[in-house]
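Visitor: Structure supplied as model-v4.cif; contents: mmCIF, C-alpha atoms and all ligand atoms.
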```cif
data_input
#
loop_
_atom_site.group_PDB
_atom_site.id
_atom_site.type_symbol
_atom_site.label_atom_id
_atom_site.label_comp_id
_atom_site.auth_asym_id
_atom_site.auth_seq_id
_atom_site.Cartn_x
_atom_site.Cartn_y
_atom_site.Cartn_z
ATOM 1 C CA MET Y 465 -7.893 22.066 -20.303
ATOM 2 C CA PRO Y 466 -9.310 21.087 -16.871
ATOM 3 C CA SER Y 467 -10.773 17.612 -16.332
ATOM 4 C CA ILE Y 468 -13.498 16.672 -13.874
ATOM 5 C CA GLU Y 469 -13.562 13.167 -12.446
ATOM 6 C CA LYS Y 470 -15.032 11.281 -9.535
ATOM 7 C CA MET Y 471 -12.768 9.637 -6.971
ATOM 8 C CA ILE Y 472 -13.560 7.627 -3.859
ATOM 9 C CA CYS Y 473 -11.441 8.672 -0.895
ATOM 10 C CA ILE Y 474 -10.022 5.463 0.616
ATOM 11 C CA THR Y 475 -8.382 7.142 3.591
ATOM 12 C CA CYS Y 476 -11.093 5.980 6.006
ATOM 13 C CA PRO Y 477 -14.125 3.646 5.910
ATOM 14 C CA VAL Y 478 -16.583 6.488 5.171
ATOM 15 C CA GLY Y 479 -15.450 6.409 1.519
ATOM 16 C CA CYS Y 480 -16.517 9.910 0.445
ATOM 17 C CA THR Y 481 -17.228 10.359 -3.264
ATOM 18 C CA LEU Y 482 -15.184 13.334 -4.411
ATOM 19 C CA GLU Y 483 -15.644 15.447 -7.499
ATOM 20 C CA VAL Y 484 -12.180 16.481 -8.578
ATOM 21 C CA THR Y 485 -11.304 19.218 -11.022
ATOM 22 C CA HIS Y 486 -7.692 19.109 -12.158
ATOM 23 C CA GLU Y 487 -5.413 19.956 -15.006
ATOM 24 C CA ASP Y 488 -2.911 17.125 -15.351
ATOM 25 C CA GLN Y 489 -1.317 16.860 -11.898
ATOM 26 C CA THR Y 490 -2.537 20.259 -10.711
ATOM 27 C CA LEU Y 491 -5.544 20.105 -8.407
ATOM 28 C CA LEU Y 492 -7.951 22.958 -9.086
ATOM 29 C CA LYS Y 493 -10.956 22.016 -6.944
ATOM 30 C CA VAL Y 494 -12.262 19.145 -4.858
ATOM 31 C CA GLU Y 495 -15.793 18.779 -3.537
ATOM 32 C CA GLY Y 496 -17.580 16.099 -1.526
ATOM 33 C CA GLN Y 497 -15.002 15.517 1.221
ATOM 34 C CA ILE Y 498 -16.183 15.783 4.789
ATOM 35 C CA CYS Y 499 -12.730 16.276 6.274
ATOM 36 C CA PRO Y 500 -9.404 17.805 5.136
ATOM 37 C CA ARG Y 501 -7.853 14.401 4.493
ATOM 38 C CA GLY Y 502 -9.991 14.091 1.359
ATOM 39 C CA GLU Y 503 -8.131 16.905 -0.379
ATOM 40 C CA LYS Y 504 -4.778 15.487 0.742
ATOM 41 C CA TYR Y 505 -5.774 12.092 -0.679
ATOM 42 C CA VAL Y 506 -6.667 13.645 -4.044
ATOM 43 C CA GLN Y 507 -3.421 15.622 -4.126
ATOM 44 C CA GLU Y 508 -1.438 12.431 -3.582
ATOM 45 C CA GLU Y 509 -3.503 10.499 -6.121
ATOM 46 C CA LEU Y 510 -2.697 13.110 -8.751
ATOM 47 C CA THR Y 511 1.013 13.368 -8.021
ATOM 48 C CA ASP Y 512 2.246 10.203 -6.245
ATOM 49 C CA PRO Y 513 -0.454 7.538 -5.751
ATOM 50 C CA ARG Y 514 0.530 4.941 -3.169
ATOM 51 C CA ARG Y 515 -1.017 1.878 -1.579
ATOM 52 C CA MET Y 516 -0.326 -0.412 1.335
ATOM 53 C CA VAL Y 517 0.293 -3.960 0.102
ATOM 54 C CA ALA Y 518 -0.600 -7.108 2.041
ATOM 55 C CA THR Y 519 0.166 -10.553 0.682
ATOM 56 C CA THR Y 520 1.940 -13.763 1.711
ATOM 57 C CA ALA Y 521 5.563 -14.931 1.460
ATOM 58 C CA ARG Y 522 6.982 -18.450 1.356
ATOM 59 C CA VAL Y 523 8.505 -19.943 4.497
ATOM 60 C CA LYS Y 524 11.044 -22.766 4.523
ATOM 61 C CA GLY Y 525 10.571 -25.349 7.272
ATOM 62 C CA GLY Y 526 7.628 -23.590 8.874
ATOM 63 C CA LEU Y 527 4.426 -24.972 10.370
ATOM 64 C CA HIS Y 528 2.689 -23.485 7.315
ATOM 65 C CA PRO Y 529 4.191 -22.842 3.877
ATOM 66 C CA LEU Y 530 3.216 -19.158 3.808
ATOM 67 C CA VAL Y 531 3.233 -16.252 6.225
ATOM 68 C CA PRO Y 532 1.175 -13.042 5.824
ATOM 69 C CA VAL Y 533 3.298 -9.955 5.160
ATOM 70 C CA TYR Y 534 2.613 -6.257 4.572
ATOM 71 C CA THR Y 535 4.444 -3.104 3.613
ATOM 72 C CA ALA Y 536 5.464 -0.882 6.519
ATOM 73 C CA ALA Y 537 4.314 2.159 4.500
ATOM 74 C CA PRO Y 538 2.409 2.767 1.258
ATOM 75 C CA ILE Y 539 4.388 1.948 -1.877
ATOM 76 C CA PRO Y 540 4.064 3.765 -5.238
ATOM 77 C CA LYS Y 541 1.048 2.283 -7.020
ATOM 78 C CA PRO Y 542 2.852 1.712 -10.350
ATOM 79 C CA ARG Y 543 5.355 -0.562 -8.584
ATOM 80 C CA ILE Y 544 2.886 -2.891 -6.827
ATOM 81 C CA PHE Y 545 3.217 -5.774 -9.317
ATOM 82 C CA GLU Y 546 7.009 -5.438 -9.245
ATOM 83 C CA LEU Y 547 6.882 -5.637 -5.457
ATOM 84 C CA LEU Y 548 4.642 -8.714 -5.533
ATOM 85 C CA ALA Y 549 7.122 -10.386 -7.899
ATOM 86 C CA ALA Y 550 10.000 -9.552 -5.522
ATOM 87 C CA ILE Y 551 8.084 -11.025 -2.571
ATOM 88 C CA ARG Y 552 7.387 -14.193 -4.578
ATOM 89 C CA GLU Y 553 11.167 -14.633 -4.953
ATOM 90 C CA ILE Y 554 11.913 -14.769 -1.245
ATOM 91 C CA GLU Y 555 11.783 -17.798 1.039
ATOM 92 C CA ILE Y 556 12.077 -17.024 4.727
ATOM 93 C CA PRO Y 557 13.667 -19.624 7.007
ATOM 94 C CA ALA Y 558 11.427 -20.630 9.930
ATOM 95 C CA PRO Y 559 10.818 -19.592 12.627
ATOM 96 C CA VAL Y 560 9.340 -16.238 11.653
ATOM 97 C CA THR Y 561 8.385 -13.702 14.298
ATOM 98 C CA MET Y 562 5.683 -11.073 14.096
ATOM 99 C CA ASN Y 563 7.084 -7.719 12.860
ATOM 100 C CA GLN Y 564 10.193 -9.412 11.451
ATOM 101 C CA VAL Y 565 11.516 -7.615 8.374
ATOM 102 C CA VAL Y 566 11.350 -10.183 5.572
ATOM 103 C CA LEU Y 567 12.352 -7.842 2.730
ATOM 104 C CA GLU Y 568 14.374 -4.771 3.607
ATOM 105 C CA ASN Y 569 14.184 -1.576 1.526
ATOM 106 C CA ALA Y 570 11.894 -3.210 -1.016
ATOM 107 C CA LEU Y 571 12.649 -2.090 -4.598
ATOM 108 C CA GLY Y 572 14.969 0.561 -3.151
ATOM 109 C CA GLU Y 573 11.917 2.538 -2.017
ATOM 110 C CA GLY Y 574 13.070 2.681 1.599
ATOM 111 C CA ILE Y 575 10.057 0.603 2.678
ATOM 112 C CA ASP Y 576 10.378 -2.728 4.477
ATOM 113 C CA VAL Y 577 8.081 -5.726 4.091
ATOM 114 C CA ILE Y 578 7.145 -7.138 7.488
ATOM 115 C CA ALA Y 579 5.654 -10.399 8.761
ATOM 116 C CA SER Y 580 2.307 -9.900 10.433
ATOM 117 C CA ARG Y 581 2.361 -13.022 12.624
ATOM 118 C CA ASP Y 582 4.636 -15.573 14.236
ATOM 119 C CA LEU Y 583 5.245 -18.805 12.367
ATOM 120 C CA PRO Y 584 7.071 -21.551 14.273
ATOM 121 C CA VAL Y 585 9.176 -24.367 12.882
ATOM 122 C CA ALA Y 586 7.172 -27.403 11.688
HETATM 123 S S1 LIG R 1 -12.740 12.769 3.095
HETATM 124 FE FE1 LIG R 1 -12.328 12.330 5.252
HETATM 125 S S2 LIG R 1 -14.199 11.349 5.979
HETATM 126 FE FE2 LIG R 1 -14.279 11.259 3.741
HETATM 127 S S3 LIG R 1 -13.374 9.231 3.252
HETATM 128 FE FE3 LIG R 1 -11.721 10.747 3.165
HETATM 129 S S4 LIG R 1 -10.788 10.673 5.208
HETATM 130 FE FE4 LIG R 1 -12.803 9.707 5.347
#
```
Show me the file's structure as structure tokens.
Ligand code: SF4

Guide:
Amino acid sequence: MPSIEKMICITCPVGCTLEVTHEDQTLLKVEGQICPRGEKYVQEELTDPRRMVATTARVKGGLHPLVPVYTAAPIPKPRIFELLAAIREIEIPAPVTMNQVVLENALGEGIDVIASRDLPVA
């Protein structure tokens, strides 16, 4: 039996409100998008929802104790808390350079976690 639900497209800052008709993972109809990316977003939300993750990781011997990090690509949404736990386990030796891979192939998903700034030695 088809379900109708509202979704907010988060692909761009416009944030279109979409009315989505689907049956389980099968998209039947989407309305409210003002560009084709809205339908692509809904399709992915139904079948393989993913998010970019930005957080901080510990640094040993750095000017600051933490460095901001982010995923190089969106990670499956159900694994976000597992990823955050894995990042909490690491301690990166200073210095850290911007774009340095701090966690390679995170959770075996083929996605690296990357430092978003330089962090020199204390
Ligand atoms: S449907 Fe298009 S315009 Fe609307 S939020 Fe998504 S990407 Fe942006």

Visitor: Selection in question (the file shown): the PyMOL selection byres (((not hetatm)) within 8 of (chain R and resi 1)). Which residues does it include, as a list in words?

Guide: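 Evaluating the PyMOL selection byres (((not hetatm)) within 8 of (chain R and resi 1)) on this file yields Ile472, Cys473, Ile474, Thr475, Cys476, Pro477, Val478, Gly479, Cys480, Thr481, Leu482, Gly496, Gln497, Ile498, Cys499, Pro500, Arg501, Gly502, Glu503 and Tyr505 of chain Y.
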
Visitor: Given all atoms listed in the file as the basis, pick out the residue of Y:Ala550, Y:Ile544, Y:Val506, Y:Val533 nearest to Ala518 in chain Y.

Guide: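 Comparing Y:Ala550, Y:Ile544, Y:Val506, Y:Val533 against Ala518 in chain Y, the winner is Y:Val533.
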
Visitor: Give me, please, the distance in Å between CA of Ile468 in chain Y and CA of Asp512 in chain Y, quoted to one decimal.

Guide: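 Atom-to-atom, CA of Ile468 in chain Y to CA of Asp512 in chain Y, that is 18.7 Å.
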
Visitor: Would you mind listing what lies within 8 Å of Gln564 in chain Y as number ranges by chain, with all atoms listed in the file counted and same-chain residues fewer than 2 positions away left out?

Guide: Y: 560-562, 566, 578-580

Visitor: In Å, rounded to a single decimal, give me how far CA of Asn569 in chain Y is from CA of Arg514 in chain Y.

Guide: 15.8 Å

Visitor: Specify as a list in words each residue included when the PyMOL selection byres (((chain Y and resi 542) around 10) and not hetatm) is applied to this file.

Guide: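 Evaluating the PyMOL selection byres (((chain Y and resi 542) around 10) and not hetatm) on these coordinates yields Asp512, Pro513, Arg514, Arg515, Ile539, Pro540, Lys541, Arg543, Ile544, Phe545, Glu546 and Leu547 of chain Y.
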
Visitor: Specify as an mmCIF file with C-alpha atoms, in the coordinates of the input each residue included when the PyMOL selection byres (((chain Y and resi 558) around 6) and not hetatm) is applied to this file.

Guide:
```
data_model
loop_
_atom_site.group_PDB
_atom_site.id
_atom_site.type_symbol
_atom_site.label_atom_id
_atom_site.label_comp_id
_atom_site.auth_asym_id
_atom_site.auth_seq_id
_atom_site.Cartn_x
_atom_site.Cartn_y
_atom_site.Cartn_z
ATOM 1 C CA LYS Y 524 11.044 -22.766 4.523
ATOM 2 C CA GLY Y 525 10.571 -25.349 7.272
ATOM 3 C CA GLY Y 526 7.628 -23.590 8.874
ATOM 4 C CA PRO Y 557 13.667 -19.624 7.007
ATOM 5 C CA PRO Y 559 10.818 -19.592 12.627
ATOM 6 C CA VAL Y 560 9.340 -16.238 11.653
ATOM 7 C CA VAL Y 585 9.176 -24.367 12.882
#
```

Visitor: Quick one, how far is CA of Ala537 in chain Y from CA of Val484 in chain Y?

Guide: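 If I compute the distance from CA of Ala537 in chain Y to CA of Val484 in chain Y, I get 25.5 Å.
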
Visitor: Closest to His528 in chain Y among Y:Ala549, Y:Val577, Y:Ile556, Y:Val565, using all atoms listed in the file?

Guide: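 Residue with the minimum atom-to-atom distance to His528 in chain Y: Y:Ile556.
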
Visitor: In terms of the shortest atom-to-atom distance over all atoms listed in the file, which of Y:Asp576, Y:Glu508, Y:Glu555, Y:Glu568 is closest to Thr490 in chain Y?

Guide: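 Ranking Y:Asp576, Y:Glu508, Y:Glu555, Y:Glu568 by distance to Thr490 in chain Y, first place goes to Y:Glu508.
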
Visitor: Of the candidates Y:Ile551, Y:Ala536, Y:Leu583, Y:Leu491, which shows the shortest atom-to-atom distance to Thr520 in chain Y, using only C-alpha atoms?

Guide: Y:Ile551

Visitor: Given the choices Y:Glu495, Y:Glu487, Y:Gln507, Y:Arg552, which gets closest to Thr519 in chain Y if the distance is worked out from only C-alpha atoms?

Guide: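 Using only C-alpha atoms, the shortest distance to Thr519 in chain Y belongs to Y:Arg552.
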
Visitor: Here's a test: counting all atoms listed in the file, identify every protein, DNA and RNA residue with an atom at most 9 Å from (-12.1, 19.3, -13.1) in the file's coordinate frame, and state them as a tab-separated table (two decimals) with C-alpha atoms, keeping the file's coordinate frame.

Guide:
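Dumped everything to out_28.tsv:
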```
chain	number	residue	atom	x	y	z
Y	465	MET	CA	-7.89	22.07	-20.30
Y	466	PRO	CA	-9.31	21.09	-16.87
Y	467	SER	CA	-10.77	17.61	-16.33
Y	468	ILE	CA	-13.50	16.67	-13.87
Y	469	GLU	CA	-13.56	13.17	-12.45
Y	483	GLU	CA	-15.64	15.45	-7.50
Y	484	VAL	CA	-12.18	16.48	-8.58
Y	485	THR	CA	-11.30	19.22	-11.02
Y	486	HIS	CA	-7.69	19.11	-12.16
Y	487	GLU	CA	-5.41	19.96	-15.01
Y	491	LEU	CA	-5.54	20.10	-8.41
Y	492	LEU	CA	-7.95	22.96	-9.09
Y	493	LYS	CA	-10.96	22.02	-6.94
Y	494	VAL	CA	-12.26	19.14	-4.86
```

Visitor: Closest to Arg581 in chain Y among Y:Leu510, Y:Met516, Y:Val531, Y:Ala521, using all atoms listed in the file?

Guide: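 Selected residue with least distance to Arg581 in chain Y: Y:Val531.
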